[in-house]
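Dropping final17.cif in here (mmCIF, C-alpha atoms):
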data_model
loop_
_atom_site.label_atom_id
_atom_site.label_comp_id
_atom_site.auth_asym_id
_atom_site.auth_seq_id
_atom_site.Cartn_x
_atom_site.Cartn_y
_atom_site.Cartn_z
CA MET A 1 -1.97 12.15 43.41
CA SER A 2 -2.02 8.49 42.53
CA GLU A 3 -1.01 7.51 46.03
CA ARG A 4 -4.12 5.64 46.98
CA PRO A 5 -4.41 2.23 45.28
CA VAL A 6 -7.10 1.97 42.64
CA ALA A 7 -9.70 -0.73 43.16
CA PRO A 8 -9.10 -3.76 40.91
CA ILE A 9 -12.65 -3.54 39.60
CA THR A 10 -11.81 -0.19 38.00
CA TYR A 11 -8.85 -1.73 36.19
CA LEU A 12 -10.95 -4.72 35.12
CA LEU A 13 -13.75 -2.52 33.78
CA VAL A 14 -11.27 -0.40 31.81
CA PHE A 15 -9.66 -3.59 30.51
CA ALA A 16 -13.05 -4.94 29.40
CA ALA A 17 -13.84 -1.63 27.67
CA LEU A 18 -10.48 -1.71 25.89
CA LEU A 19 -11.08 -5.27 24.68
CA ALA A 20 -14.56 -4.32 23.47
CA LEU A 21 -13.17 -1.31 21.61
CA THR A 22 -10.48 -3.51 20.06
CA GLY A 23 -13.14 -5.88 18.76
CA LEU A 24 -15.13 -2.89 17.55
CA THR A 25 -12.22 -1.38 15.67
CA THR A 26 -11.53 -4.66 13.87
CA GLY A 27 -15.19 -5.39 13.19
CA ILE A 28 -16.07 -1.94 11.96
CA ALA A 29 -13.21 -2.08 9.46
CA TYR A 30 -15.31 -4.55 7.50
CA VAL A 31 -18.35 -2.25 7.40
CA PRO A 32 -18.40 -0.14 4.23
CA LEU A 33 -18.11 3.32 5.74
CA HIS A 34 -16.28 4.79 2.73
CA GLY A 35 -14.95 8.21 3.68
CA TRP A 36 -15.88 7.74 7.34
CA ALA A 37 -13.71 4.66 7.92
CA HIS A 38 -10.59 6.65 8.69
CA PRO A 39 -12.12 9.16 11.17
CA VAL A 40 -14.07 6.38 12.92
CA ALA A 41 -10.92 4.27 13.34
CA LEU A 42 -9.08 7.29 14.74
CA VAL A 43 -11.88 8.14 17.18
CA ILE A 44 -11.90 4.56 18.50
CA ALA A 45 -8.11 4.57 18.85
CA ILE A 46 -8.17 7.92 20.64
CA THR A 47 -10.85 6.62 23.02
CA LYS A 48 -8.73 3.58 23.84
CA ALA A 49 -5.64 5.72 24.35
CA ALA A 50 -7.64 8.08 26.59
CA LEU A 51 -8.78 5.15 28.75
CA VAL A 52 -5.18 3.95 29.14
CA VAL A 53 -3.88 7.45 29.94
CA LEU A 54 -6.66 8.34 32.38
CA PHE A 55 -6.92 5.07 34.30
CA PHE A 56 -3.86 2.89 33.81
CA MET A 57 -1.50 5.86 33.89
CA HIS A 58 -3.50 7.56 36.66
CA ALA A 59 -3.69 10.83 34.75
CA LEU A 60 -7.19 11.41 36.10
CA HIS A 61 -5.83 11.87 39.59
CA SER A 62 -2.50 13.38 38.69
CA GLU A 63 -1.14 16.75 39.69
CA ALA A 64 -1.67 19.68 37.32
CA LEU A 65 1.96 19.50 36.20
CA VAL A 66 1.44 16.06 34.70
CA LYS A 67 -1.91 16.96 33.18
CA SER A 68 -0.44 20.01 31.44
CA THR A 69 2.48 17.90 30.17
CA ILE A 70 0.03 15.46 28.59
CA ALA A 71 -1.98 18.32 27.10
CA VAL A 72 1.15 19.89 25.62
CA SER A 73 2.22 16.68 23.91
CA ILE A 74 -1.25 16.17 22.42
CA ILE A 75 -1.34 19.75 21.15
CA TRP A 76 2.12 19.32 19.64
CA ILE A 77 1.24 16.15 17.75
CA VAL A 78 -1.99 17.70 16.44
CA MET A 79 0.04 20.70 15.21
CA LEU A 80 2.70 18.48 13.63
CA ILE A 81 0.31 16.28 11.66
CA GLY A 82 -2.30 18.98 11.08
CA LEU A 83 0.01 21.63 9.68
CA THR A 84 2.03 19.10 7.67
CA MET A 85 -1.12 17.76 6.06
CA ALA A 86 -2.35 21.32 5.44
CA ASP A 87 0.81 21.82 3.43
CA VAL A 88 0.71 18.51 1.57
CA THR A 89 -2.96 18.59 0.60
CA THR A 90 -2.80 22.14 -0.77
CA ARG A 91 0.39 21.83 -2.82
CA ASP A 92 -1.47 21.66 -6.11
CA TRP A 93 -3.55 24.75 -5.46
CA VAL A 94 -2.83 27.60 -7.84
CA PRO A 95 -3.96 31.11 -6.79
CA GLY A 96 -6.57 32.64 -9.06
CA ARG A 97 -7.75 29.32 -10.50
CA THR A 98 -10.85 27.31 -9.67
CA LEU A 99 -10.05 24.62 -7.13
CA ALA A 100 -10.14 21.38 -9.06
CA PRO A 101 -9.19 18.09 -7.38
CA ALA A 102 -5.56 17.21 -8.12
CA PRO A 103 -5.06 14.37 -10.59
CA ALA A 104 -4.44 11.13 -8.73
CA THR A 105 -0.71 10.54 -8.51
CA GLU A 106 -0.91 6.86 -7.73
CA GLY A 107 2.08 4.61 -7.79
CA MET B 1 1.69 5.33 53.50
CA ALA B 2 3.21 6.40 56.83
CA ASP B 3 6.36 4.35 56.43
CA GLN B 4 9.04 5.25 58.93
CA ASN B 5 11.68 3.55 56.84
CA ILE B 6 11.21 5.82 53.84
CA ALA B 7 14.35 6.27 51.81
CA LEU B 8 14.18 10.01 51.20
CA ALA B 9 16.94 11.56 49.15
CA HIS B 10 18.25 14.70 50.84
CA HIS B 11 17.37 17.06 47.99
CA PHE B 12 13.65 16.36 48.27
CA ALA B 13 11.39 18.07 50.81
CA ASN B 14 9.22 15.01 51.38
CA VAL B 15 8.33 11.60 49.98
CA ASP B 16 5.44 12.96 47.94
CA GLN B 17 7.70 15.38 46.13
CA GLN B 18 10.18 12.59 45.54
CA ARG B 19 7.51 10.41 43.97
CA GLU B 20 6.14 13.28 41.92
CA SER B 21 9.59 14.09 40.60
CA ALA B 22 10.11 10.50 39.53
CA THR B 23 6.80 10.27 37.69
CA PHE B 24 7.18 13.74 36.16
CA GLY B 25 10.60 12.73 34.87
CA MET B 26 9.09 9.71 33.17
CA TRP B 27 6.26 11.80 31.72
CA ILE B 28 8.83 14.19 30.22
CA PHE B 29 10.64 11.23 28.72
CA LEU B 30 7.33 9.92 27.33
CA VAL B 31 6.79 13.30 25.64
CA THR B 32 10.10 12.81 23.84
CA GLU B 33 8.92 9.33 22.86
CA ALA B 34 5.77 10.96 21.51
CA LEU B 35 8.05 13.19 19.45
CA LEU B 36 9.79 10.09 18.11
CA PHE B 37 6.72 8.09 17.19
CA GLY B 38 4.77 11.23 16.29
CA GLY B 39 7.28 12.02 13.57
CA LEU B 40 6.87 8.52 12.16
CA PHE B 41 3.09 8.76 12.30
CA CYS B 42 3.32 12.10 10.50
CA GLY B 43 5.43 10.59 7.74
CA TYR B 44 3.01 7.72 7.48
CA THR B 45 0.07 10.13 7.23
CA VAL B 46 1.72 12.13 4.45
CA TYR B 47 2.55 9.13 2.30
CA ARG B 48 -0.70 7.34 2.96
CA SER B 49 -2.60 10.40 1.72
CA THR B 50 -0.44 10.51 -1.40
CA TYR B 51 -0.46 6.78 -2.16
CA SER B 52 -3.70 5.65 -0.54
CA GLU B 53 -4.40 2.89 -3.07
CA GLY B 54 -0.92 1.40 -2.84
CA PHE B 55 -0.94 1.55 0.96
CA GLU B 56 -4.35 -0.08 1.23
CA ASP B 57 -3.33 -2.74 -1.24
CA ALA B 58 -0.13 -3.51 0.67
CA SER B 59 -2.01 -3.61 3.98
CA THR B 60 -4.11 -6.54 2.77
CA HIS B 61 -1.02 -8.74 3.21
CA LEU B 62 -0.99 -8.21 6.98
CA ASP B 63 -2.83 -10.72 9.13
CA VAL B 64 -5.74 -8.93 10.80
CA LEU B 65 -6.47 -11.78 13.20
CA LEU B 66 -2.89 -11.89 14.49
CA GLY B 67 -2.88 -8.11 14.81
CA THR B 68 -6.13 -8.14 16.79
CA ILE B 69 -4.86 -10.90 19.07
CA ASN B 70 -1.64 -8.98 19.61
CA THR B 71 -3.60 -5.86 20.52
CA ALA B 72 -5.60 -7.80 23.11
CA VAL B 73 -2.42 -9.39 24.48
CA LEU B 74 -0.70 -6.03 24.88
CA ILE B 75 -3.74 -4.48 26.56
CA GLY B 76 -3.74 -7.47 28.91
CA SER B 77 -0.11 -6.79 29.74
CA SER B 78 -1.08 -3.20 30.59
CA LEU B 79 -3.68 -4.57 32.99
CA THR B 80 -1.14 -6.82 34.72
CA MET B 81 1.29 -3.89 34.88
CA ALA B 82 -1.36 -1.71 36.56
CA MET B 83 -2.02 -4.54 39.02
CA ALA B 84 1.73 -4.77 39.73
CA HIS B 85 1.76 -1.09 40.64
CA ARG B 86 -1.25 -1.58 42.87
CA ALA B 87 0.52 -4.46 44.61
CA ALA B 88 3.51 -2.19 45.16
CA GLN B 89 1.27 0.46 46.71
CA LEU B 90 -0.16 -2.19 49.04
CA SER B 91 3.31 -3.50 49.91
CA GLN B 92 2.48 -6.97 48.63
CA ARG B 93 5.95 -8.09 47.67
CA LYS B 94 5.01 -11.44 46.18
CA GLN B 95 2.16 -10.00 44.11
CA ILE B 96 4.45 -7.38 42.61
CA ASN B 97 6.64 -10.06 41.12
CA ILE B 98 3.72 -12.22 40.02
CA TYR B 99 2.17 -9.38 38.06
CA LEU B 100 5.49 -8.18 36.66
CA LEU B 101 6.19 -11.71 35.50
CA LEU B 102 2.75 -11.93 33.88
CA THR B 103 3.47 -8.65 32.10
CA VAL B 104 6.75 -10.02 30.76
CA LEU B 105 4.98 -13.22 29.72
CA LEU B 106 2.27 -11.40 27.80
CA GLY B 107 4.90 -9.16 26.24
CA SER B 108 6.76 -12.27 25.11
CA VAL B 109 3.59 -13.64 23.52
CA PHE B 110 3.25 -10.37 21.63
CA LEU B 111 6.86 -10.48 20.44
CA GLY B 112 6.51 -14.15 19.50
CA ILE B 113 3.55 -13.41 17.27
CA LYS B 114 5.39 -10.40 15.82
CA GLY B 115 8.42 -12.56 15.09
CA TYR B 116 6.25 -15.12 13.34
CA GLU B 117 4.72 -12.33 11.23
CA TYR B 118 8.16 -10.96 10.34
CA VAL B 119 9.49 -14.35 9.24
CA HIS B 120 6.36 -14.94 7.20
CA LYS B 121 6.79 -11.54 5.53
CA TYR B 122 10.36 -12.43 4.66
CA HIS B 123 9.27 -15.61 2.92
CA GLU B 124 6.60 -13.65 1.06
CA ARG B 125 9.35 -11.31 -0.23
CA LEU B 126 7.71 -8.32 1.44
CA VAL B 127 10.69 -6.96 3.39
CA PRO B 128 12.13 -3.89 1.64
CA GLY B 129 15.86 -4.37 1.23
CA LEU B 130 15.67 -8.15 1.67
CA ARG B 131 14.74 -9.46 -1.78
CA PHE B 132 11.56 -7.36 -1.87
CA ASP B 133 9.41 -8.47 -4.76
CA TYR B 134 5.75 -7.46 -4.59
CA SER B 135 4.90 -9.44 -7.70
CA HIS B 136 5.65 -12.55 -5.65
CA VAL B 137 2.54 -12.21 -3.46
CA LEU B 138 0.51 -11.13 -6.46
CA ALA B 139 1.52 -14.34 -8.21
CA GLN B 140 0.46 -16.33 -5.17
CA GLU B 141 -2.92 -14.62 -5.13
CA HIS B 142 -3.71 -14.64 -8.82
CA GLY B 143 -1.78 -17.66 -9.99
CA ALA B 144 1.23 -17.41 -12.29
CA GLY B 145 -0.28 -14.48 -14.21
CA GLU B 146 1.66 -11.49 -12.93
CA ARG B 147 4.92 -13.12 -12.05
CA ASP B 148 7.80 -11.03 -13.31
CA GLU B 149 10.40 -13.71 -13.83
CA HIS B 150 13.39 -11.47 -14.37
CA ILE B 151 13.05 -9.70 -11.00
CA GLU B 152 14.88 -12.14 -8.74
CA GLN B 153 16.64 -9.71 -6.48
CA ASP B 154 16.07 -6.44 -4.70
CA SER B 155 16.52 -3.80 -7.36
CA SER B 156 17.19 -0.92 -4.98
CA SER B 157 20.70 -0.48 -6.37
CA VAL B 158 19.22 -0.04 -9.82
CA MET B 159 17.32 3.10 -8.90
CA ALA B 160 20.50 5.05 -8.33
CA SER B 161 21.35 5.33 -12.02
CA PRO B 162 19.34 3.11 -14.38
CA ARG B 163 21.28 2.57 -17.55
CA THR B 164 20.48 -0.58 -19.51
CA ASP B 165 17.03 -1.39 -20.86
CA ASP B 166 16.75 -4.16 -18.28
CA GLN B 167 17.56 -1.77 -15.50
CA ILE B 168 15.07 0.75 -16.81
CA ALA B 169 12.42 -1.98 -16.91
CA GLU B 170 13.23 -2.96 -13.35
CA ALA B 171 13.06 0.66 -12.25
CA GLY B 172 9.64 0.85 -13.85
CA LEU B 173 8.53 -2.12 -11.83
CA ILE B 174 9.71 -0.48 -8.65
CA ALA B 175 7.79 2.62 -9.62
CA ARG B 176 4.70 0.49 -10.03
CA TYR B 177 4.98 -1.13 -6.61
CA GLY B 178 6.84 1.72 -4.92
CA PRO B 179 3.93 2.69 -2.66
CA GLN B 180 3.54 -0.90 -1.47
CA ARG B 181 7.24 -1.06 -0.75
CA LEU B 182 6.98 2.27 1.08
CA PHE B 183 4.13 0.90 3.19
CA PHE B 184 6.23 -2.06 4.24
CA SER B 185 9.14 0.24 5.05
CA PHE B 186 6.85 2.08 7.44
CA TYR B 187 5.45 -1.20 8.76
CA PHE B 188 8.84 -2.67 9.65
CA LEU B 189 10.30 0.59 10.94
CA MET B 190 7.37 1.46 13.18
CA THR B 191 6.59 -2.01 14.51
CA GLY B 192 10.32 -2.72 14.81
CA LEU B 193 10.90 0.44 16.84
CA HIS B 194 7.86 -0.44 18.94
CA ALA B 195 9.13 -4.00 19.48
CA THR B 196 12.54 -2.62 20.49
CA HIS B 197 10.82 -0.46 23.09
CA MET B 198 9.03 -3.55 24.36
CA VAL B 199 12.24 -5.55 24.65
CA ILE B 200 13.93 -2.78 26.61
CA GLY B 201 10.90 -2.48 28.88
CA MET B 202 10.78 -6.21 29.50
CA ALA B 203 14.51 -6.33 30.25
CA VAL B 204 14.10 -3.60 32.87
CA MET B 205 11.12 -5.47 34.29
CA LEU B 206 13.19 -8.62 34.68
CA VAL B 207 15.81 -6.62 36.58
CA LEU B 208 13.02 -5.21 38.77
CA ILE B 209 11.73 -8.73 39.45
CA GLY B 210 15.19 -9.69 40.61
CA MET B 211 15.48 -6.64 42.85
CA VAL B 212 12.02 -6.56 44.45
CA PRO B 213 12.67 -9.30 47.03
CA PHE B 214 15.63 -7.33 48.34
CA SER B 215 14.50 -3.71 48.09
CA ARG B 216 12.70 -1.37 50.44
CA LEU B 217 9.01 -1.54 49.59
CA SER B 218 8.60 2.20 50.21
CA THR B 219 10.89 2.93 47.29
CA THR B 220 9.54 0.12 45.14
CA ALA B 221 6.13 1.71 44.50
CA PRO B 222 7.49 4.77 42.64
CA VAL B 223 9.83 2.55 40.60
CA VAL B 224 6.99 0.25 39.58
CA GLU B 225 4.78 3.26 38.85
CA VAL B 226 7.41 4.77 36.55
CA MET B 227 7.86 1.40 34.85
CA GLY B 228 4.10 1.25 34.38
CA LEU B 229 3.97 4.67 32.74
CA TYR B 230 6.55 3.52 30.19
CA TRP B 231 4.75 0.26 29.50
CA HIS B 232 1.34 1.92 29.11
CA PHE B 233 2.87 4.36 26.62
CA VAL B 234 4.19 1.45 24.57
CA ASP B 235 0.66 0.05 24.64
CA ILE B 236 -0.78 3.35 23.41
CA VAL B 237 1.64 3.44 20.48
CA TRP B 238 0.43 0.00 19.41
CA ILE B 239 -3.22 1.06 19.87
CA PHE B 240 -2.60 3.58 17.08
CA LEU B 241 -0.28 1.40 15.00
CA PHE B 242 -2.74 -1.49 14.73
CA PRO B 243 -5.65 0.19 12.87
CA LEU B 244 -3.35 2.33 10.72
CA LEU B 245 -1.24 -0.58 9.52
CA TYR B 246 -3.57 -3.58 9.61
CA LEU B 247 -7.06 -2.29 8.97
CA ILE B 248 -6.79 0.20 6.11
CA GLY B 249 -7.04 -2.30 3.26
CA VAL B 250 -9.71 -4.56 4.65
CA GLN B 251 -12.50 -3.39 2.32
#
What is this structure when it is put down as structure tokens?
Amino acid sequence: MSERPVAPITYLLVFAALLALTGLTTGIAYVPLHGWAHPVALVIAITKAALVVLFFMHALHSEALVKSTIAVSIIWIVMLIGLTMADVTTRDWVPGRTLAPAPATEG
Amino acid sequence: MADQNIALAHHFANVDQQRESATFGMWIFLVTEALLFGGLFCGYTVYRSTYSEGFEDASTHLDVLLGTINTAVLIGSSLTMAMAHRAAQLSQRKQINIYLLLTVLLGSVFLGIKGYEYVHKYHERLVPGLRFDYSHVLAQEHGAGERDEHIEQDSSSVMASPRTDDQIAEAGLIARYGPQRLFFSFYFLMTGLHATHMVIGMAVMLVLIGMVPFSRLSTTAPVVEVMGLYWHFVDIVWIFLFPLLYLIGVQ
């Protein structure tokens, strides 16, 4: 339970980590990572979100009911975006043909 | 917290259960908020994968420095919100209001910067539906070269049924900058919805600030905790919005 007050130093350390990660996410955007830029940005964002959920929202010391609620929402979002993208990225596939990259349909 | 003056509603077995019910209720609500923003993020992901060049190009017109500052400001407001909850747990009435006020202040700074960005976007003709004209910023970047003089108004009505040669030409222009326009639709919708959530949160906080001096401290801690959960969620949404909107076109 999050009944006992958290020490301010914990909050300050998490805050410092979040600021550092914010600087990192902006700075690393300028590094030519090519295909890796998107996953790296997502990993940093997920780390920041995890810090907020675990410490600011006290999820670390929450009852199992709250923890399972958080897990369910994460699973749901992963399913939503994952399955939708699985559909979108494979729309040009034709069964029985060699998989060639779809022609770029740029606007 | 052995407080003899605990305001326990009769349908709860004890204070712990009462507090847990309150926070669980907010968590359930936050899951529905995740549904709301998750759907928008999904739409963004689909169209960014389809029109990656257009999206990255459009993103270059967002101010990365302002976005970074805003991210830091909002994270700071989460810190002050967490401290407000801690003050409530320690029954420090004055501190609760100080930290809540700081949270509102930082939130206002965020909204002020957002408002400045929005107004700037309007003058750059980058608001879909409000005289959107992507060639305007291109002209400002590259000189008078790509200015399309005959596009002086938002041509959205043209797309319905292009008839004349002029209308077909305008429709072609929209097709050329459609992805950029789509990006800005997502930008304004998602940051606007986020800003609306912030305004509502700040309004409730102001009401809380007014009520704290007069309320039972034993019931204040769960209220502040629930308020904190909402505010931290709003922070998390922005933590994902910032890199996806501001940082994709930086290269």
List every residue of chain B that has an atom at most 7 Å from any atom of chain A, giving for each one its closest atom pair and the distance in Å to one decimal, counting all atoms listed in the file, sorted by chain and then by ascending residue number, as a tab-separated table.
residue	atom	partner	partner_atom	distance
B:Phe24	CA	A:Val66	CA	6.4
B:Val31	CA	A:Ser73	CA	5.9
B:Gly38	CA	A:Ile77	CA	6.2
B:Cys42	CA	A:Ile81	CA	5.3
B:Val46	CA	A:Met85	CA	6.5
B:Tyr51	CA	A:Glu106	CA	5.6
B:Gly54	CA	A:Gly107	CA	6.6
B:Ala72	CA	A:Leu19	CA	6.2
B:Leu79	CA	A:Phe15	CA	6.5
B:Ala82	CA	A:Phe56	CA	5.9
B:Arg86	CA	A:Pro5	CA	5.5
B:Gln89	CA	A:Pro5	CA	6.1
B:Ala175	CA	A:Gly107	CA	6.3
B:Arg176	CA	A:Gly107	CA	5.4
B:Tyr177	CA	A:Gly107	CA	6.5
B:Gly178	CA	A:Gly107	CA	6.3
B:Pro179	CA	A:Gly107	CA	5.8
B:Leu229	CA	A:Met57	CA	5.7
B:His232	CA	A:Met57	CA	6.8
B:Ile236	CA	A:Ala49	CA	5.5
B:Ile239	CA	A:Ala45	CA	6.1
B:Phe240	CA	A:Ala45	CA	5.9
B:Pro243	CA	A:Ala41	CA	6.7
B:Leu247	CA	A:Ala29	CA	6.2
B:Val250	CA	A:Tyr30	CA	6.3
B:Gln251	CA	A:Tyr30	CA	6.0
Distance criterion (all atoms listed in the file): nearest to Phe186 in chain B out of B:Leu245, B:Ala9, B:Val15, B:Val104: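 With all atoms listed in the file as the atom set, the closest residue is B:Leu245.
Remark: for Tyr246 in chain B, the closest of the candidate residues B:Gly112, B:Gly67, B:Gly39, B:Gly25 is B:Gly67 (distances computed over all atoms listed in the file).
Coordinates place CA of His142 in chain B at a distance of 17.3 Å from CA of Leu62 in chain B.
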B:Leu66, B:His120, B:Tyr230, B:Leu189 ranked by distance to Val204 in chain B, top pick (using all atoms listed in the file): B:Tyr230
Interatomic distance (Å, one decimal) between CA of Thr50 in chain B and CA of Thr90 in chain A: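 Interatomic distance, CA of Thr50 in chain B to CA of Thr90 in chain A: 11.9 Å.
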Target residues per the PyMOL selection byres ((chain B and resi 188) around 12), formatted as a ChimeraX atom specification: /B:40,62,114-115,117-119,121-122,126-130,181-187,189-196,241,245
All residues 6 Å or closer to Ala58 in chain B, only C-alpha atoms, same chain fewer than 3 positions away omitted, as a list in words: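 The filter keeps Phe55, His61 and Gln180 of chain B.
Going from CA of Trp36 in chain A to CA of Arg91 in chain A covers 23.8 Å.
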Residues within 10 Å of Leu90 in chain B, only C-alpha atoms, excluding chain neighbours under 2 positions, as a count of residues only: 15
